[in-house]
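This report concerns only the one structure given below.
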Amino acid sequence: MPFASVSIIGCGWLGLPLAEILARQGYRVNGSTTTLEKIPVLQKAGIFPFLLQVDASVRGEGVKDFFDTDIVVITLPFRRSFTDPHDYRKQVDAVLAQCKNVPSLIFTSSTSVYPDNIGSAAEELDFKPDNERSKVLRQVEKHITARKGIVVRFSGLYGGTRKIGAFLSGKKEFSGGDSPVNLIHQDDAVGILQKVIEQREKLAGEIFNGCSDAHPTKKVLYTAAAKKMNLAPPQFIEEKNSVKKIVVNEKVKKVLGYKFLHPDPLKNI
Ligand SMILES: NC(=O)c1ccc[n+]([C@@H]2O[C@H](COP(=O)([O-])OP(=O)(O)OC[C@H]3O[C@@H](n4cnc5c(N)ncnc54)[C@H](OP(=O)(O)O)[C@@H]3O)[C@@H](O)[C@H]2O)c1
């Protein structure tokens, strides 16, 4: 079977390495960016570049060609800077409006959609989002799955240019020292998306968590990171109730057969 065509909305930290790998594998890959200077970077990697801006609509040259594809992967970031979180829903809806004839949709969500007090966060749990951003994100996910799209909820992304503990210098006091971390390496995030793309036809409407196996506490992980960076160990404020959210990753292993390349963030500092 010839390789499918994939259009990736957002060739950023996650979308670009995914686009590069898929192009190397033989997929026809369209990739979007809002940054003119990145066009030659995409071209050099064998990606067909599109300069697209998504707001309440998708604007740019070649919108129709971009969406004339077998698979759309949406990696638009849910920026903290959105004054109204519903702006994100509008962006994703604008993309969905262009996808009426696209057979497969994949959306990168976040495990921040789960409430902090959830304990073990597994995909099949019915939960109530505990803040406005999470509520909006859950709505967006529902728009995707209602269209038989696939949602991958990633935990905190690290690897490549994003080093664990990069935020440590310049700040001394932290909260949540006893809370377990939920992180995933860039290689695994890309690897999971590759598996989802390969197996998409049997995954309509599914939701997956993307998170490493190991969940060291913040205190353990960031103290080790500070040591590696030759910084003073971070100080953690004593707290009575710490967040105990652990994102479960069994489903990607069982259903997708995914094997983690970096199961323990502590080994990657
Ligand atoms: N960061 C985390 O720890 C984390 C955790 C869980 C889930 N996620 C999710 O993972 C996904 C990928 O995140 P990332 O870190 O790769 O994001 P990123 O590096 O900021 O890349 C986002 C991409 O989307 C493009 N983009 C942003 N706003 C746009 C707009 N309004 N219209 C059109 N294109 C736009 C950017 O364009 P340019 O190329 O011009 O920059 C960039 O290519 C996102 O869905 C995010 O919500 C992230």
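Residue numbering restarts at 1 for every chain of the structure tokens, chains are lettered A, B, ... in their displayed order, and ligands are numbered from 1 as they appear.
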Item to check | Shell of 9 Å around ligand 1 (only C-alpha atoms and all ligand atoms), written as a VMD selection string | outcome: chain A and resid 8 to 16 31 to 38 51 to 55 58 to 59 74 to 79 88 91 107 to 112 152 to 158 183 to 184 189 210
Using only C-alpha atoms, which protein or nucleic acid residues come within 8 Å of A:Val72? Drop anything in the same chain fewer than 6 positions from it, and give the result as a short mmCIF file (atom, residue, chain, number, x, y, z; two decimals) with N, CA and C atoms, in the first residue's frame.
```cif
data_model
loop_
_atom_site.label_atom_id
_atom_site.label_comp_id
_atom_site.auth_asym_id
_atom_site.auth_seq_id
_atom_site.Cartn_x
_atom_site.Cartn_y
_atom_site.Cartn_z
N VAL A 6 -0.01 13.13 4.92
CA VAL A 6 -0.27 13.66 6.27
C VAL A 6 -0.08 15.17 6.25
N SER A 7 -1.01 15.90 6.85
CA SER A 7 -0.83 17.35 6.99
C SER A 7 -0.73 17.68 8.48
N ILE A 8 0.37 18.30 8.84
CA ILE A 8 0.60 18.59 10.27
C ILE A 8 0.42 20.09 10.49
N ILE A 9 -0.61 20.43 11.25
CA ILE A 9 -0.86 21.83 11.60
C ILE A 9 0.04 22.15 12.78
N CYS A 99 -11.77 20.13 7.66
CA CYS A 99 -11.43 18.69 7.60
C CYS A 99 -12.60 17.80 7.23
N VAL A 102 -11.55 14.81 5.36
CA VAL A 102 -10.29 14.17 5.77
C VAL A 102 -10.63 12.89 6.54
N SER A 104 -8.84 10.86 8.52
CA SER A 104 -8.29 10.65 9.88
C SER A 104 -7.81 11.94 10.51
N LEU A 105 -8.26 12.15 11.76
CA LEU A 105 -7.83 13.33 12.52
C LEU A 105 -7.10 12.88 13.78
N ILE A 106 -6.00 13.55 14.08
CA ILE A 106 -5.27 13.24 15.32
C ILE A 106 -5.02 14.57 16.02
#
```
Item to check | Secondary structure check, alpha helix (DSSP H) residues of stretch 51-221 of chain A, as a PyMOL selection string | outcome: chain A and resi 63-66+86-98+132-146+186-199+218-221
Checklist entry - To one decimal place, how far is atom CA of A:Glu173 from atom CA of A:Glu239 in Å? => result 12.6 Å
Checklist outcome for this item: A:Ser57 proximity check over A:Ala97, A:Ile39, A:Leu193, A:Ala225, using only C-alpha atoms: winner is A:Ala97
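Here the DSSP assignment of strand (DSSP E or B), based on backbone atoms, applies within stretch 128-198 of chain A to Ile150, Val151, Val152, Arg153, Phe154, Gly156, Leu157, Tyr158, Gly159, Arg162, Glu173, Phe174, Pro180, Leu183, Ile184 and His185 of chain A.
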Next on the checklist: Which residues are close to A:Ile118, i.e. within 10 Å by only C-alpha atoms, leaving aside same-chain residues fewer than 5 positions away? Reply as a PyMOL selection string.
Outcome noted: chain A and resi 125+127-129+243-247
Suppose we keep C-alpha atoms; can you now write the selection as a PDB file, in the first residue's frame?
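Saved result, selection_33.pdb, follows:
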```
ATOM      1  CA  LEU A 125     -12.094   7.505  33.627  1.00  0.00           C
ATOM      2  CA  PHE A 127     -13.788  12.960  35.400  1.00  0.00           C
ATOM      3  CA  LYS A 128     -14.796  16.540  35.962  1.00  0.00           C
ATOM      4  CA  PRO A 129     -12.183  19.094  34.836  1.00  0.00           C
ATOM      5  CA  VAL A 243      -0.839  16.693  44.313  1.00  0.00           C
ATOM      6  CA  LYS A 244      -0.935  12.956  43.685  1.00  0.00           C
ATOM      7  CA  LYS A 245      -1.701  12.670  40.015  1.00  0.00           C
ATOM      8  CA  ILE A 246      -0.124   9.737  38.192  1.00  0.00           C
ATOM      9  CA  VAL A 247      -0.786   9.447  34.481  1.00  0.00           C
TER      10      VAL A 247
END
```
Next on the checklist: From the options A:Lys251, A:Ile144, A:Cys211, A:Pro263, which residue's atoms come nearest to A:Val92, counting only C-alpha atoms?
Outcome noted: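 Looking at the shortest contact to A:Val92, the residue is A:Ile144.
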Checklist entry - Please, what distance in Å, to one decimal, runs between atom CA of A:Ser5 and atom CA of A:Thr69? => result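 So the two atoms, atom CA of A:Ser5 and atom CA of A:Thr69, lie 5.4 Å apart.
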Checklist entry - Between atom CA of A:Ser169 and atom CA of A:His262, what is the distance, to one decimal in Å? => result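 Separating atom CA of A:Ser169 from atom CA of A:His262 is a distance of 24.8 Å.
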